Each structure stands twice: as C-alpha cells, then as structure tokens.
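The structure under discussion appears below in the form of structure tokens.
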Amino acid sequence: MAHAVIVFLIVLAALIIVVPFAIEARRKVMDAQDRQNAPGTFVELSQGITHYQWHGPVRGPIAVCVHGLTTPSFVWQGLATGLSAMGYRVLTYDLYGRSYSDRPAGAQTDAFFVQQLEELLNDQEVTEDFTLIGYSMGGAISTCFAAKHPDLVRLLVLLAPAGMSMTTGRLAQIIRRTPLVGDWLMMAFFPARHQKEVEAERDLPTSVLDITDLQLRELEYQGFTSAVLSSLRGILGRELKDEHQAIHRAGVPVLAVWGRNDAVIPLSAMGKLTEWSRSTRQEVIADAGHGLTYTHTDEVLEILGERLNEGLN
C-alpha cells in the first residue's frame, strides 16, 4: 500500500512538472500562414524574421519606435498616426519573440535587441540621424542603442522606461533568479496572470483598436512566454546607469515621460534618471498608468510636439 502511494505521488509530481510545458508545446507556431494577414512587411535578419511597418509620408524626419515587454508594435497605432500628422516617417517593428517576428533562441540581452535594431535600420538604409522612441522595455533597448550609436540619435524619447527600477513581487524575483524552478513557475503561472492583468484594462480608453484582444492573442503562440522570461533575466535584469551617463556625455537630447499612477515603473525612477543625466527633460502625466502610450496618446503627442517646437531635436 505504501509503495503504491509513493508511486502515485511520483507520477503526480511528474505530471505537475510536465503539464505547463506540454501546454506550451501545443500552442500555435508563428509561421507563414499566420503572417499572411499581418500589416507591414517582413525581412530576414541574422537572428530570424522581423516584422516591420512604415507609417506616414514617404519623406520627412524619421522616428523609430521600440515597443515593450509584452505589447508588440501595434501599441504604436495611435502615436504613429499622430507623429505622421506632424510630418514624421515612422518605423515600427516587432521585437523577437513577439507578434509576427521569429522566436530565435538565445538570451534576450541588450546586445540581442540592439543587434536586431541595427540590422533592421541597415536593411532599411536608415543612415541619417533620427528620433528614437522607446516604451517600457523598449526604453531600455533604445537607451542601449543610443549609448552605442549617439551619432545616429537626434532625440531619445523614453515613455515609462525600464532601466532604472521596476515594481516586482516575490514570485517574479524567484522566477528571474532561479533556473529550472523559475522556468517552471513562469510556464505555470504567467499565462493566467498576464491574461488577468490585460483583462483588467479592457475598459480603459485607448488609441489602439481591440488592444486587449491583440495582447491576449500573444498567449496563443509558442515562444511568447519564454521570450518574456528571457527578457526579464536579460535586458531587464540590470540598471542602465552607465548607458544613461554615456548618452549625457555625448550630448544626445533626452525626453522622458512618466505616468504618475504607473504600477510597473515607479515614479521614483524619475529621480534616479535625474541623478544619472541632469540634462534629461522629464514630464509627468498626472492620471496615467504604465499604458500611457496607448491610454494617453494625445497627452504624449502634445508633450512631444512642444519639445520639438522648442528645438529639442
């Protein structure tokens, strides 16, 4: 009897361990068929296929937009429309592991994401300086790119940027720091938790049509959860003090916009950025949360327009 109980418990434990990975394996694979209905265009870069889209006039100053951890390039719908109306030619693209882009293996470090952007700009023959706009994790990627290529960045715009500090719970800290166990915890708990967090914002005002459904769609595909985990352990695993100080020394103009009610990137990060780069212009949108890029698009465009008119670029 005791032997049977032990065997049962071993089998049960094995099932508990395997189930989250089995569910992941049954998710859809992003392939050519799924890409048929995608907006924009595709390019084969060294690490895989990247989905990108140009918005606005054929000619004009260029703005390149880098999205965040879990919400792909559709997050820029409203902002890209506004920038286009201001005369900008806007380039948006999906980071690896998200939406229509490939899910290559490898740690999603700053070098990983900067290489993707470098190769995309090279393919699109963007050789003159441009405005670089990064949202959340995209702010961290944009910071790393600007620190490496200050001569290419006319203006760096950071919207609720990562790279200073993030609000994370104890479970998230365990997932980040613990191999294997953290992988299992991520696969077991992230999809349901992410779905709950996204659904909680369904009734918020937004400049992106059907954004909640588009965000939830990411969970239908293999590689999304793994990409989020890799980014948490990679580019989001450290502060970017050296990069911000390098940008400051290089004289690249920086504009940072924060949401006062941001529950992901605390407003205290604003003070840390001031310490690292006193020349950075900073603005706070009083009633905005972390989703300010799509929930307070008009306010962001107003701030950006004012700074551009002042000659910040």
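In the structure tokens, chains take the letters A, B, ... in the order shown, each chain's residues start at 1, and ligands count up from 1 in the order shown.
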Extract, using only C-alpha atoms, all DNA, RNA and protein residues at most 6 Å from range 99-115 of chain A, discarding same-chain residues fewer than 2 positions from it, and format them as a compact mmCIF listing (two decimals) with C-alpha atoms, in the first residue's frame.
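Result written to out_2.txt:
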# COMPACT_ATOMS: atom_id res chain seq x y z
CA GLY A 48 15.35 35.49 -37.78
CA ILE A 49 12.37 37.12 -39.48
CA THR A 50 11.41 40.59 -38.26
CA HIS A 51 8.02 42.16 -38.93
CA ASP A 94 8.07 43.60 -33.55
CA TYR A 96 11.93 38.91 -31.42
CA GLY A 97 9.60 36.62 -29.52
CA LEU A 117 17.53 47.16 -34.45
CA GLU A 118 20.95 47.73 -36.06
CA PHE A 145 21.21 51.70 -28.75
CA GLY A 223 7.73 31.26 -27.59
CA SER A 230 14.42 35.69 -21.19
CA SER A 231 13.95 39.47 -21.28
CA GLY A 234 18.36 39.65 -19.68
CA ILE A 235 17.94 43.31 -20.55
Item to check | Residue list (alpha helix (DSSP H), DSSP) for range 54-122 of chain A, as a list in words | outcome: Gln77, Gly78, Leu79, Ala80, Thr81, Gly82, Leu83, Ser84, Ala85, Asp110, Ala111, Phe112, Phe113, Val114, Gln115, Gln116, Leu117, Glu118, Glu119, Leu120, Leu121 and Asn122 of chain A
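The protein and nucleic acid residues lying at most 9 Å from Trp276 in chain A are Lys241, Asp242, His244, Gln245, His248, Gly271, Lys272 and Leu273 of chain A, with only C-alpha atoms considered and sequence neighbours fewer than 3 positions away removed.
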Checklist entry - How would you write, as JSON, numbers by chain, the set of residues in range 85-268 of chain A that DSSP gives as strand (DSSP E)? => result {"A": [89, 90, 91, 92, 93, 130, 131, 132, 133, 134, 135, 153, 154, 155, 156, 157, 158, 159, 254, 255, 256, 257, 258, 259]}
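Nearest residue to Ala250 in chain A, choosing from A:Thr41, A:Ser84, A:Ser277, A:Gln215 and counting only C-alpha atoms: A:Ser277.
Our summary of the geometry notes that CA of Asp210 in chain A is positioned 18.7 Å from CA of Gln53 in chain A.
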Report as JSON lines: every residue of range 168-231 of chain A with an atom at most 12 Å from range 288-293 of chain A, its closest pair of atoms, and their distance in Å to one decimal, counting only C-alpha atoms, with rows sorted by chain and ascending residue number.
{"residue": "A:Glu197", "atom": "CA", "partner": "A:Gly291", "partner_atom": "CA", "distance": 11.9}
{"residue": "A:Val198", "atom": "CA", "partner": "A:Gly291", "partner_atom": "CA", "distance": 10.7}
{"residue": "A:Glu201", "atom": "CA", "partner": "A:Gly291", "partner_atom": "CA", "distance": 9.2}
{"residue": "A:Arg202", "atom": "CA", "partner": "A:Gly291", "partner_atom": "CA", "distance": 11.7}
{"residue": "A:Leu204", "atom": "CA", "partner": "A:Gly291", "partner_atom": "CA", "distance": 9.5}
{"residue": "A:Pro205", "atom": "CA", "partner": "A:Gly291", "partner_atom": "CA", "distance": 10.1}
{"residue": "A:Thr206", "atom": "CA", "partner": "A:Thr293", "partner_atom": "CA", "distance": 8.9}
{"residue": "A:Ser207", "atom": "CA", "partner": "A:Thr293", "partner_atom": "CA", "distance": 8.6}
{"residue": "A:Val208", "atom": "CA", "partner": "A:Thr293", "partner_atom": "CA", "distance": 9.7}
{"residue": "A:Ile211", "atom": "CA", "partner": "A:Gly291", "partner_atom": "CA", "distance": 11.1}
{"residue": "A:Thr212", "atom": "CA", "partner": "A:Gly291", "partner_atom": "CA", "distance": 11.7}
Checklist entry - In Å, with one decimal, what is the gap from CA of Arg249 in chain A to CA of Arg307 in chain A? => result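 Distance reported for this atom pair: 20.6 Å.
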Item to check | Between CA of Arg98 in chain A and CA of Arg217 in chain A - distance in Å to one decimal | outcome: 10.4 Å
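In terms of minimum interatomic distance to Met30 in chain A, A:Glu218 ranks closest within A:Arg281, A:Ala80, A:Glu218, A:Trp258, counting only C-alpha atoms.
Proximity to Leu180 in chain A was assessed for A:Leu132, A:Met166, A:Leu209, A:Ile17 counting only C-alpha atoms; the smallest distance is recorded for A:Ile17.
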Item to check | Which residue of A:Glu243, A:Asp129, A:Asp183, A:Asp287 approaches Lys148 in chain A most closely, using only C-alpha atoms | outcome: A:Glu243
Checklist entry - Restricting the calculation to only C-alpha atoms, which member of A:Leu185, A:Leu158, A:Gly82, A:Arg233 is positioned closest to Leu171 in chain A? => result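 The closest residue to Leu171 in chain A is A:Leu185.
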Checklist entry - What lies within 6 Å of Tyr221 in chain A using only C-alpha atoms, ignoring chain neighbours under 5 positions off, as an MDAnalysis selection string? => result chainID A and resid 27:29
Item to check | Selected residue, from A:Pro191, A:Gly138, A:Gly169, A:Pro57, that lies nearest to Leu95 in chain A when counting only C-alpha atoms | outcome: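 Of the candidates, the smallest distance to Leu95 in chain A is held by A:Gly138.
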